[in-house]
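To start, the structure under review is shown below, and the notes come after it.
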Amino acid sequence: MKELSKTYDPKKVEDAWFTHWETEGYFHSEPSNKKAPFCVMIPPPNVTGMLTMGHVLNNTLQDVLVRKARMQGFETMWLPGTDHAGIATQARVEKHIRETENKTRHDFGREKFVERIWDWKDQYGGMIIRQLRKLGVSCDWERERFTLDEGLSKAVREVFVQLYEKVLIYKGKRIINWCPVSHTALSDEEVIHQEKNGKLWHFKYPVKGEDGRYLVIATTRPETMLGDTAVAVNPKDDRYTDLVGKSILLPLVGREIPIVQDDYVDMAFGTGAVKITPAHDPNDYEIGLRHDLEFINIMNEDASMNEVVPEKYKGMDRYECRKAVVADLDALGLLDKIEDHIHKVGYSERANVPVEARLSEQWFVKMEPLAKPALEAVNSGKIKFNPERWVKTYNHWLENIRDWCISRQLWWGHRIPVFTCTDCGWESAEREDPTICPVCGSKRIKQDSDVLDTWFSSWLWPFSTLGWPESNEDLKYYYPTNDLVTAPDIIFFWVARMIMAGYEFMGELPFKNVYFTGLIRDMQGRKMSKSLGNSPDPLEVIDQYGADALRYGMMLIAPKGHDILFDTSQIELGRNFMNKLWNASRFVLMNVDESTQMGILPDDADLETADKWILAKLKSTIESVDKNLGEYRFNDAAKDIYDFTWNNFCDWYIELIKSRLYGDDARKKNAALHTAIYVLRNIVKLLHPYAPFITEEIWQSVKADEEKDIMVSDWPTTDALKPSANAVKEMGLVMDVITAIRTIRSEMTVPPSKKADVLIGGGSVETRSILQTQAEYMSALAKVKDLSIAESVDKPELSSSAVVGDLEIFVSLEGLIDIDKEKERLEKEIASFEGRIKGIKGKLNNENFVSRAPENVVQHERNKLANYEESLALLKENYGKLAK
RNA sequence: GGGCGCUUAGCUCAGUUGGUUCAGAGCACCUGCCUUACAAGCAGGGGGUCACAGGUUCGAGUCCUGUAGCGCCCACCA
């Protein structure tokens, strides 16, 4: 027999078990014709990433699903991997090179720089994968993929070509979101709108040919006036009717620009006159198109002013220029007024600086045709969202979907496979790099220099990782996958697009269920972030409490899809539970000897009420865990196991069997011990998906020799467990009596060492016989010396009393009873019963209740009333005896 | 401007089909215990008008309407 240490030390076992599982090949999956598949694709973390609490939550949830499925006999495959994260990774390496070598990417050139990123990736990247392993997650590590690896790159290229050929990918000159730090275009989803306190500047624009007459415009972006090519008013605005057709002499620039009419202009906002900068604002761009205006780009890639602006402003940063323009207009007497103004400013998701609207040529995916099947799949219920409310968000986005800007002016990523001939202008997207132009035969062929948005590879993840576009066994077997677990903040970036890609390229849904997690916040409700320093390092938490404690604690506080306020102290709960389980196991194992058989249930004839009771509780626990996990109620299932283990098994059952274990009757001892082992085996199995390490460790001591490791064992069933209503009822009674005695003892501060005589009177013959049978339990658990049970008993002179239903209980407390305390106790009890009785009487006196409520409900109230009244009578009687 | 969510004990939160202890858990607090599995523990206890106002119902923490506060998402008002 294996001796367990007194406190559980996760450090001693966790790494060893992980290595063992990996060596045994438990993580790996291959298509099987005997088993049904269960497949989960990890949301690939950024290759630059470090493990956060968000990852802990997300990956533990997946591991719970996966480990349970594996135990249930599915051929289970959880595919891990990382995302190349274009902007983030490139920026990281650029920073690294700037800091270590004081160089920029341009010092290297494209090819060399990309090589440097690969070097960096090999050296520092994928840290998060190693960290995930510390968490114990059971991914198929042999199948790890990277969005920029060869296979996935091939899938990306195939998809691009297909969409290009269907003209669902096109190149267009548009106003896009431009990040002035990363120097690239961004998609709409990569822009975060933040509310800011800004100003609304009112400028006087001189009307040409009308000396001293001005048109006052209002703007939040003074610096862009250098690129103004019109002023617009609403056609219905009669304040300005006479100005239409006239023009403005643009101050500081001297350009003559027209005054135009456009419905877009809101007469009620500002002055009703708007400056139009078609190259720097999406609305102005539309107006520019409608009125055939000039498009003047006044900025460089870094949002500094370019050479088309007047000399003075050239090279200025946009905000520096803003100050200068305002000052200069003021000096000219053209600043009318400045108002405070709250407005939304778009920030670059990655670089956290305001984005610039920029007119440029980019590649787009036409989304509307892809959205249709994706909408249908979710709304028909083929794909289920948990919680369901995210369907609305999903629908809203897809119903108003806009084309996806997929080109990025970066070097790190999948290069756009579009080639043009410099001689004849031929252009095409190609699966293989062409060497000569198929039209004119020229060898002067250029590939587009941009790369694709990172999400353009992520949206293929559920099938590109399985080898698509090659057809193969993996793809046939594992696709469509089962569950996707992800945070709701990437519902547009990723979830919706994966569904679209699934239907477009595979003709089928990519997964059947989506579980949206909550966001992890700190106790003040703030998002966890590096800059706030409020994000605990999961590895430190693991070091302190163990991976199981972290995982289990996290699951226990992770309600269904709500944000989570996280504090490390909450993990203590998990740690305490692991230790409790450890010690319960230790206790059971201390009683094991060579004759003990693991995994058998004793003969029915040998089972005592307590055994039947714990087995009945186990049965309902297994059922509840199954039900809750089936509904993605991870926290409820975790709580089921906790309550059963701690409250039923440890606090009651183990205490109840001690006398048998310590006694001489081998048969009784065996029944108790084997029941305890049976229950414990089921507990560790139920808990294994949540806490894989400790359960594997304990399992080794309670498994039969021929049994496999717990990770690949069978999920608990209730097949061998019979419900036992009698045992539950009987134990309930015994536990109530024990608690009543304990309460008296505690309230009278009887020292635990002191045993007391107890008299129990009243009740039915049946009740008394139950108590008589279980007398030993009461003696042991309530520290009773002599116990007498009779139909009627006389209250001992110096005693304290309690009432349990129609039973009265006297605890004889010579020398310890405090009459005043006892009086107070009973008065409180009496008041409590009187209150309850009053409530029920009120109900039963209500004619409507009696006539309209279901019979069983009414009957239940009547029973309750009768019971309470009986209890009250006994209480009053005893109180009367006390008073005299 | 639309949409979603939250409000239950001092704190963090459960509460699934309206009705069996449905007013709960953990932490914190109070009392007593190093009782040979566990002080990361054991036994007992105090503590809440379920945000507010209406409504439906025999019956509402639970369903409906409205209000307030907080939070999030989406949207081109300069």
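Every chain in the structure tokens takes a letter, A first, then B, and so on in the order presented; its residues are numbered from 1, and the ligands are numbered from 1 following the presented order.
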
Can you pull out every residue within 8 Å of region 253-267 of chain A, counting only C-alpha atoms (C1' of nucleotides), but drop anything in the same chain fewer than 2 positions away, and send it as a PyMOL selection string? (chain A and resi 208+226+228-235+237+243-251+269-274+287+291+309-310) or (chain B and resi 77)

Residues of chain B at most 6 Å from chain A: nearest atom pair and distance in Å, only C-alpha atoms (C1' of nucleotides), as CSV:
residue,atom,partner,partner_atom,distance
B:A37,C1',A:Phe587,CA,4.2
B:C38,C1',A:Asn583,CA,5.2
B:A40,C1',A:Asn576,CA,4.8
B:G44,C1',A:Ser746,CA,5.4
B:C58,C1',A:Phe849,CA,3.6
B:C76,C1',A:Asn283,CA,5.8
B:A78,C1',A:Thr219,CA,5.6

Could you write those residues out with C-alpha atoms (C1' of nucleotides), as a tab-separated table (two decimals), in the first residue's frame?
chain	number	residue	atom	x	y	z
B	37	A	C1'	-7.56	11.98	7.60
B	38	C	C1'	-7.22	17.12	7.28
B	40	A	C1'	-5.55	24.61	4.09
B	44	G	C1'	-21.99	25.56	16.44
B	58	C	C1'	-53.99	31.26	-4.99
B	76	C	C1'	-20.26	57.80	-40.50
B	78	A	C1'	-18.50	67.14	-38.72

Which residues are near Ser153 (chain A)? Cut-off 10 Å, only C-alpha atoms (C1' of nucleotides), ignore same chain within fewer than 6 positions. Put them as number ranges by chain. A: 146-147, 159, 413-415, 457, 464

Just to be explicit: take each residue in the selection above, keep C-alpha atoms, and write the result as a compact mmCIF listing (two decimals), in the first residue's frame.
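File written: selection_3.txt
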# COMPACT_ATOMS: atom_id res chain seq x y z
CA PHE A 146 1.13 27.45 -36.57
CA THR A 147 -0.88 29.75 -38.82
CA VAL A 159 -8.69 30.29 -50.33
CA GLY A 413 2.37 37.22 -42.76
CA HIS A 414 1.01 35.44 -45.80
CA ARG A 415 1.99 37.44 -48.83
CA SER A 457 -5.55 32.48 -41.76
CA SER A 464 -6.67 24.07 -42.47

Within 12 Å of A75 (chain B), counting only C-alpha atoms (C1' of nucleotides), which residues show up once you throw out same-chain ones fewer than 2 positions away? Write them as a PDB file with N, CA and C atoms (P, O5', C5', C4', C3', O3' and C1' of nucleotides), in the first residue's frame, please.
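The result, written out as around37.pdb:
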ATOM      1  N   HIS A 193     -13.312  52.170 -30.569  1.00  0.00           N
ATOM      2  CA  HIS A 193     -13.801  53.537 -30.372  1.00  0.00           C
ATOM      3  C   HIS A 193     -13.822  53.885 -28.901  1.00  0.00           C
ATOM      4  N   LYS A 344     -16.369  60.250 -30.087  1.00  0.00           N
ATOM      5  CA  LYS A 344     -15.680  58.962 -30.132  1.00  0.00           C
ATOM      6  C   LYS A 344     -14.489  59.058 -31.078  1.00  0.00           C
ATOM      7  N   HIS A 396     -26.725  40.782 -35.747  1.00  0.00           N
ATOM      8  CA  HIS A 396     -26.636  42.199 -36.072  1.00  0.00           C
ATOM      9  C   HIS A 396     -25.416  42.500 -36.930  1.00  0.00           C
ATOM     10  N   TRP A 397     -24.323  41.869 -36.589  1.00  0.00           N
ATOM     11  CA  TRP A 397     -23.091  42.121 -37.343  1.00  0.00           C
ATOM     12  C   TRP A 397     -23.208  41.560 -38.749  1.00  0.00           C
ATOM     13  N   ASN A 400     -25.492  43.399 -41.145  1.00  0.00           N
ATOM     14  CA  ASN A 400     -24.993  44.708 -41.604  1.00  0.00           C
ATOM     15  C   ASN A 400     -23.530  44.613 -42.024  1.00  0.00           C
TER      16      ASN A 400
ATOM     17  P     G B   1     -30.009  59.578 -27.355  1.00  0.00           P
ATOM     18  O5'   G B   1     -29.900  58.831 -28.772  1.00  0.00           O
ATOM     19  C5'   G B   1     -30.862  59.035 -29.760  1.00  0.00           C
ATOM     20  C4'   G B   1     -30.737  57.963 -30.792  1.00  0.00           C
ATOM     21  C3'   G B   1     -30.931  56.545 -30.270  1.00  0.00           C
ATOM     22  O3'   G B   1     -32.300  56.211 -30.183  1.00  0.00           O
ATOM     23  C1'   G B   1     -28.981  56.614 -31.569  1.00  0.00           C
ATOM     24  P     G B   2     -32.734  54.865 -29.410  1.00  0.00           P
ATOM     25  O5'   G B   2     -32.451  53.787 -30.538  1.00  0.00           O
ATOM     26  C5'   G B   2     -32.870  52.467 -30.358  1.00  0.00           C
ATOM     27  C4'   G B   2     -31.988  51.545 -31.156  1.00  0.00           C
ATOM     28  C3'   G B   2     -31.652  50.264 -30.419  1.00  0.00           C
ATOM     29  O3'   G B   2     -32.718  49.343 -30.488  1.00  0.00           O
ATOM     30  C1'   G B   2     -29.681  51.152 -31.334  1.00  0.00           C
ATOM     31  P     G B   3     -33.364  48.813 -29.127  1.00  0.00           P
ATOM     32  O5'   G B   3     -32.357  47.619 -28.811  1.00  0.00           O
ATOM     33  C5'   G B   3     -32.086  46.657 -29.818  1.00  0.00           C
ATOM     34  C4'   G B   3     -30.817  45.921 -29.516  1.00  0.00           C
ATOM     35  C3'   G B   3     -30.707  45.338 -28.120  1.00  0.00           C
ATOM     36  O3'   G B   3     -31.486  44.167 -27.946  1.00  0.00           O
ATOM     37  C1'   G B   3     -28.665  46.346 -28.701  1.00  0.00           C
ATOM     38  P     C B  73     -16.615  47.231 -25.058  1.00  0.00           P
ATOM     39  O5'   C B  73     -17.674  46.755 -26.147  1.00  0.00           O
ATOM     40  C5'   C B  73     -17.659  45.420 -26.612  1.00  0.00           C
ATOM     41  C4'   C B  73     -18.850  45.167 -27.501  1.00  0.00           C
ATOM     42  C3'   C B  73     -18.977  46.087 -28.703  1.00  0.00           C
ATOM     43  O3'   C B  73     -18.136  45.696 -29.771  1.00  0.00           O
ATOM     44  C1'   C B  73     -21.073  45.906 -27.645  1.00  0.00           C
ATOM     45  P     C B  77     -21.304  58.212 -35.760  1.00  0.00           P
ATOM     46  O5'   C B  77     -21.093  59.560 -34.994  1.00  0.00           O
ATOM     47  C5'   C B  77     -22.083  60.595 -35.148  1.00  0.00           C
ATOM     48  C4'   C B  77     -21.718  61.492 -36.268  1.00  0.00           C
ATOM     49  C3'   C B  77     -21.152  62.852 -35.860  1.00  0.00           C
ATOM     50  O3'   C B  77     -19.741  62.881 -35.870  1.00  0.00           O
ATOM     51  C1'   C B  77     -23.127  63.152 -37.091  1.00  0.00           C
TER      52        C B  77
END

Near G48 (chain B), within 10 Å and counting only C-alpha atoms (C1' of nucleotides), which residues show up once chain neighbours fewer than 2 positions away are dropped, as a list in words? U8, A9, A23 and C50 of chain B

Can you spit out the residues from that selection as an mmCIF file, in the first residue's frame, using N, CA, C and O atoms (P, O5', C5', C4', C3', O3' and C1' of nucleotides)?
data_model
loop_
_atom_site.group_PDB
_atom_site.id
_atom_site.type_symbol
_atom_site.label_atom_id
_atom_site.label_comp_id
_atom_site.auth_asym_id
_atom_site.auth_seq_id
_atom_site.Cartn_x
_atom_site.Cartn_y
_atom_site.Cartn_z
ATOM 1 P P U B 8 -26.838 42.903 -5.313
ATOM 2 O "O5'" U B 8 -28.005 41.881 -5.015
ATOM 3 C "C5'" U B 8 -29.069 42.237 -4.136
ATOM 4 C "C4'" U B 8 -29.533 41.028 -3.377
ATOM 5 C "C3'" U B 8 -28.485 40.350 -2.511
ATOM 6 O "O3'" U B 8 -28.277 41.037 -1.289
ATOM 7 C "C1'" U B 8 -29.619 38.713 -3.747
ATOM 8 P P A B 9 -26.829 41.146 -0.733
ATOM 9 O "O5'" A B 9 -26.895 40.297 0.605
ATOM 10 C "C5'" A B 9 -27.537 40.849 1.751
ATOM 11 C "C4'" A B 9 -26.739 40.525 2.989
ATOM 12 C "C3'" A B 9 -25.239 40.852 2.891
ATOM 13 O "O3'" A B 9 -24.786 41.364 4.131
ATOM 14 C "C1'" A B 9 -25.519 38.573 3.420
ATOM 15 P P A B 23 -37.538 29.384 2.671
ATOM 16 O "O5'" A B 23 -36.745 30.363 3.591
ATOM 17 C "C5'" A B 23 -36.108 31.596 3.223
ATOM 18 C "C4'" A B 23 -35.055 31.397 2.224
ATOM 19 C "C3'" A B 23 -33.626 31.337 2.720
ATOM 20 O "O3'" A B 23 -33.290 29.994 3.052
ATOM 21 C "C1'" A B 23 -33.802 32.812 0.873
ATOM 22 P P C B 50 -36.695 41.607 -0.556
ATOM 23 O "O5'" C B 50 -35.108 41.667 -0.719
ATOM 24 C "C5'" C B 50 -34.520 42.522 -1.712
ATOM 25 C "C4'" C B 50 -33.608 41.730 -2.603
ATOM 26 C "C3'" C B 50 -34.013 41.688 -4.075
ATOM 27 O "O3'" C B 50 -32.864 41.955 -4.856
ATOM 28 C "C1'" C B 50 -33.661 39.498 -3.260
#

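For the atom pair formed by CA of Ala36 (chain A) and CA of Val66 (chain A), the distance is 13.4 Å, given to one decimal.
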
Can you pull out the residues contacting region 102-104 of chain A? Cut-off 12 Å, using only C-alpha atoms (C1' of nucleotides), and skip same-chain residues under 6 positions away; I want them as JSON, numbers by chain. {"A": [90, 91, 92, 93, 94, 95, 96, 110, 112, 113, 116]}

What's the 9 Å shell around Leu826 (chain A), counting only C-alpha atoms (C1' of nucleotides), without same-chain residues fewer than 4 positions away, as a list in words? Ser801, Ala802, Lys821, Glu822, Ile830, Ala831, Leu875, Lys876, Asn878 and Tyr879 of chain A

Could the residues in this selection be written to a file with all heavy atoms, as a CSV table (one decimal), in the first residue's frame?
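Result file selection_30.csv:
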chain,number,residue,atom,x,y,z
A,801,SER,N,-33.1,21.2,26.2
A,801,SER,CA,-33.9,20.4,25.3
A,801,SER,C,-34.0,21.0,23.9
A,801,SER,O,-33.7,22.2,23.7
A,801,SER,CB,-35.3,20.3,25.9
A,801,SER,OG,-35.9,21.6,25.8
A,802,ALA,N,-34.3,20.1,23.0
A,802,ALA,CA,-34.5,20.5,21.6
A,802,ALA,C,-35.7,19.7,21.0
A,802,ALA,O,-36.0,18.6,21.6
A,802,ALA,CB,-33.3,20.4,20.8
A,821,LYS,N,-29.6,30.9,29.9
A,821,LYS,CA,-29.2,30.6,28.5
A,821,LYS,C,-30.3,29.7,27.9
A,821,LYS,O,-30.7,29.9,26.7
A,821,LYS,CB,-27.9,30.0,28.5
A,821,LYS,CG,-26.8,30.7,27.7
A,821,LYS,CD,-25.6,29.8,27.5
A,821,LYS,CE,-24.3,30.6,27.7
A,821,LYS,NZ,-23.2,29.7,27.7
A,822,GLU,N,-30.6,28.7,28.6
A,822,GLU,CA,-31.6,27.7,28.1
A,822,GLU,C,-32.9,28.4,27.8
A,822,GLU,O,-33.6,28.1,26.8
A,822,GLU,CB,-31.7,26.6,29.1
A,822,GLU,CG,-32.8,25.5,28.8
A,822,GLU,CD,-32.4,24.7,27.6
A,822,GLU,OE1,-31.3,24.9,27.0
A,822,GLU,OE2,-33.2,23.8,27.2
A,830,ILE,N,-39.2,29.0,20.1
A,830,ILE,CA,-40.7,29.2,20.1
A,830,ILE,C,-41.1,30.3,19.2
A,830,ILE,O,-42.0,30.1,18.4
A,830,ILE,CB,-41.2,29.4,21.6
A,830,ILE,CG1,-41.0,28.1,22.4
A,830,ILE,CG2,-42.6,29.9,21.6
A,830,ILE,CD1,-41.2,28.3,23.9
A,831,ALA,N,-40.4,31.4,19.3
A,831,ALA,CA,-40.8,32.5,18.4
A,831,ALA,C,-40.6,32.1,16.9
A,831,ALA,O,-41.5,32.5,16.1
A,831,ALA,CB,-39.9,33.7,18.7
A,875,LEU,N,-42.1,22.2,22.6
A,875,LEU,CA,-41.2,23.3,23.0
A,875,LEU,C,-41.8,24.1,24.2
A,875,LEU,O,-41.1,24.3,25.2
A,875,LEU,CB,-40.9,24.3,21.9
A,875,LEU,CG,-39.8,23.9,20.9
A,875,LEU,CD1,-39.9,24.8,19.7
A,875,LEU,CD2,-38.5,24.1,21.5
A,876,LYS,N,-43.1,24.4,24.1
A,876,LYS,CA,-43.7,25.1,25.1
A,876,LYS,C,-43.8,24.3,26.4
A,876,LYS,O,-43.6,24.9,27.5
A,876,LYS,CB,-45.1,25.5,24.7
A,876,LYS,CG,-45.1,26.7,23.8
A,876,LYS,CD,-46.5,27.2,23.4
A,876,LYS,CE,-46.6,28.6,22.8
A,876,LYS,NZ,-47.8,28.9,22.2
A,878,ASN,N,-41.7,22.0,27.4
A,878,ASN,CA,-40.4,22.0,28.1
A,878,ASN,C,-40.0,23.4,28.6
A,878,ASN,O,-39.3,23.4,29.7
A,878,ASN,CB,-39.3,21.5,27.0
A,878,ASN,CG,-39.5,20.1,26.8
A,878,ASN,OD1,-39.8,19.3,27.7
A,878,ASN,ND2,-39.2,19.7,25.6
A,879,TYR,N,-40.5,24.4,28.0
A,879,TYR,CA,-40.2,25.7,28.5
A,879,TYR,C,-40.9,25.9,29.8
A,879,TYR,O,-40.3,26.5,30.8
A,879,TYR,CB,-40.7,26.8,27.5
A,879,TYR,CG,-40.3,28.2,27.9
A,879,TYR,CD1,-39.0,28.6,27.8
A,879,TYR,CD2,-41.3,29.0,28.4
A,879,TYR,CE1,-38.7,29.9,28.1
A,879,TYR,CE2,-41.0,30.3,28.8
A,879,TYR,CZ,-39.7,30.8,28.6
A,879,TYR,OH,-39.4,32.0,29.0

Would you list, as a PyMOL selection string, the residues of region 728-856 of chain A that end up in alpha helix (DSSP H) under DSSP run on this structure's backbone? chain A and resi 728-747+765-773+775-782+819-845+847-852+855-856

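If only C-alpha atoms (C1' of nucleotides) are the atoms counted, then among B:G18, B:C11, B:C4, B:C33 the closest residue to U57 (chain B) is B:G18.
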
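The coordinates place CA of Arg408 (chain A) at 5.6 Å from CA of Asp450 (chain A).
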
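Minimum distance to Phe463 (chain A) across A:Ala351, A:Leu335, A:Val40, A:Met50 (counting only C-alpha atoms) occurs at A:Val40.
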
Expected answer as a PyMOL selection string: strand (DSSP E or B) residues in region 211-283 of chain A: chain A and resi 214-219+230-233+247-249+256-261+273-276
